[in-house]
Amino acid sequence: MKVSVITVCFNSAETIEGTLAAVSSQTYPDTEHVIIDGGSSDGTVDRVRTRVRESDVLVSEPDEGLYDAMNKGVALAKGDIVGILNSDDFYESEDVISSVVRVFAENPDVDVVFGDVVFVAPEDLLRVTRYYGAEHFRPWKLRFGWMPPHPATFVRKSAYERVGKYRLDMRIAADYDMFVRWLLVAGLKWKYLDKVLVRMRAGGVSTSGFRSSIRLNREIVRACRDNGVYTNLLFVLSKIPFKLLELIRRPGQ
């Protein structure tokens, strides 16, 4: 199976090289890295060009935002399996993709595989500030604001072809909407991989402040309702006390 990793970037010169290295160092041989740049002006594209392999794809042009760029990447991906890795994140180890492929190979009826993520301090990539685990996730929990970590999720390309593109009318929660469509609407089969797959720098768009949190939760409610899944804002906010535990939990606990 060929694996396509999509990275969306815009003015990411300070972090993109770590992401590129994390993909190119994977031990699984049949991979491609699809980099979708939004027209950076800080030297991002120059840094990417020095590291891209012959099998990789680089597109640099204006887009309509994060999810429009993701849609471009999915359309260009030639892999049987697609993963999305942010331009300031990186894989936890060199065997992440080989571990994911093994799960797909052993479970041919599974379309979605996801693992765990750790958030790290931007100034110290070894210091874990939050553990985002998916071991207790079940699709019904989407009604209550829970979803697996998107950067640690790998999906068969055929699943995207069945379910469709990321929505462009959402600023933060189009990935949440996609999980609702994958797991509740289409009923795709999934598998949890008990492994930390990705390290994420803290401070992304969905975790950066009170206003972003309010917008995210409102978009989560809309994502459910638009797909015929009942929820309300109180249901979604009920996850907050449990989310706080992620700030103190560590892998293995």
# chains A, B, ... in the order shown; residues from 1 in each chain; ligands from 1
$ residues_around --residues "A:Ser87" --least-positions-apart "2" --cutoff "12 Å" --atoms "only C-alpha atoms" --output "VMD selection string"
chain A and resid 5 to 23 33 to 38 44 48 66 84 to 85 89 to 91 151 198 to 201 204
$ closest_atom_pairs --of "stretch 146-175 of chain A" --to "stretch 211-227 of chain A" --cutoff "9 Å" --atoms "only C-alpha atoms" --output "JSON lines"
{"residue": "A:Met170", "atom": "CA", "partner": "A:Glu219", "partner_atom": "CA", "distance": 6.9}
{"residue": "A:Arg171", "atom": "CA", "partner": "A:Leu216", "partner_atom": "CA", "distance": 8.3}
{"residue": "A:Ile172", "atom": "CA", "partner": "A:Leu216", "partner_atom": "CA", "distance": 5.8}
{"residue": "A:Ala173", "atom": "CA", "partner": "A:Glu219", "partner_atom": "CA", "distance": 5.8}
{"residue": "A:Ala174", "atom": "CA", "partner": "A:Ala223", "partner_atom": "CA", "distance": 7.8}
$ write_last_selection --atoms "C-alpha atoms" --output "PDB file, in the first residue's frame"
ATOM      1  CA  MET A 170     -16.136  26.030   8.781  1.00  0.00           C
ATOM      2  CA  ARG A 171     -13.040  27.706  10.120  1.00  0.00           C
ATOM      3  CA  ILE A 172     -12.002  25.214  12.817  1.00  0.00           C
ATOM      4  CA  ALA A 173     -14.212  22.122  12.886  1.00  0.00           C
ATOM      5  CA  ALA A 174     -14.327  20.824   9.301  1.00  0.00           C
TER       6      ALA A 174
END
$ atom_distance --atom1 "atom CA of A:Gly187" --atom2 "atom CA of A:Val74"
20.5 Å
$ residues_around --residues "A:Glu54" --least-positions-apart "2" --cutoff "10 Å" --atoms "only C-alpha atoms" --output "PyMOL selection string"
chain A and resi 32-33+51-52+56-57
$ atom_distance --atom1 "atom CA of A:Gln26" --atom2 "atom CA of A:Met1"
14.5 Å
$ atom_distance --atom1 "atom CA of A:Val128" --atom2 "atom CA of A:Asp116"
12.9 Å
$ closest_residue --among "A:Leu168, A:Leu184, A:Ala121, A:Val101" --to "A:Arg143" --atoms "only C-alpha atoms"
A:Leu184
$ residues_around --residues "A:Tyr192" --least-positions-apart "3" --cutoff "6 Å" --atoms "only C-alpha atoms" --output "mmCIF file with N, CA, C and O atoms, in the first residue's frame"
data_model
loop_
_atom_site.group_PDB
_atom_site.id
_atom_site.type_symbol
_atom_site.label_atom_id
_atom_site.label_comp_id
_atom_site.auth_asym_id
_atom_site.auth_seq_id
_atom_site.Cartn_x
_atom_site.Cartn_y
_atom_site.Cartn_z
ATOM 1 N N VAL A 113 -7.904 4.493 10.620
ATOM 2 C CA VAL A 113 -7.033 4.084 11.729
ATOM 3 C C VAL A 113 -6.518 5.332 12.418
ATOM 4 O O VAL A 113 -6.063 6.275 11.755
ATOM 5 N N PHE A 114 -6.611 5.360 13.747
ATOM 6 C CA PHE A 114 -6.091 6.515 14.475
ATOM 7 C C PHE A 114 -5.378 6.075 15.741
ATOM 8 O O PHE A 114 -5.649 5.016 16.302
ATOM 9 N N GLY A 115 -4.419 6.916 16.163
ATOM 10 C CA GLY A 115 -3.672 6.669 17.385
ATOM 11 C C GLY A 115 -3.716 7.888 18.282
ATOM 12 O O GLY A 115 -4.687 8.656 18.262
#
$ residues_around --residues "A:Ala186" --least-positions-apart "5" --cutoff "9 Å" --atoms "only C-alpha atoms" --output "PDB file with C-alpha atoms, in the first residue's frame"
ATOM      1  CA  ARG A 162     -17.100   8.062  -0.853  1.00  0.00           C
ATOM      2  CA  VAL A 163     -17.682  10.765   1.737  1.00  0.00           C
ATOM      3  CA  VAL A 180     -19.095  12.660  11.820  1.00  0.00           C
ATOM      4  CA  ARG A 181     -19.532  11.861   8.133  1.00  0.00           C
TER       5      ARG A 181
END
$ closest_residue --among "A:Glu64, A:Val59, A:Thr50, A:Val185" --to "A:Asp169" --atoms "only C-alpha atoms"
A:Glu64
$ select_by_dssp --residues "stretch 47-231 of chain A" --states "strand (DSSP E)" --output "ChimeraX atom specification"
/A:57-60,81-84,89-91,112-121,124-132,153-156,190-201
$ closest_residue --among "A:Met178, A:Leu197, A:Val112, A:Ala134" --to "A:Val82" --atoms "only C-alpha atoms"
A:Val112
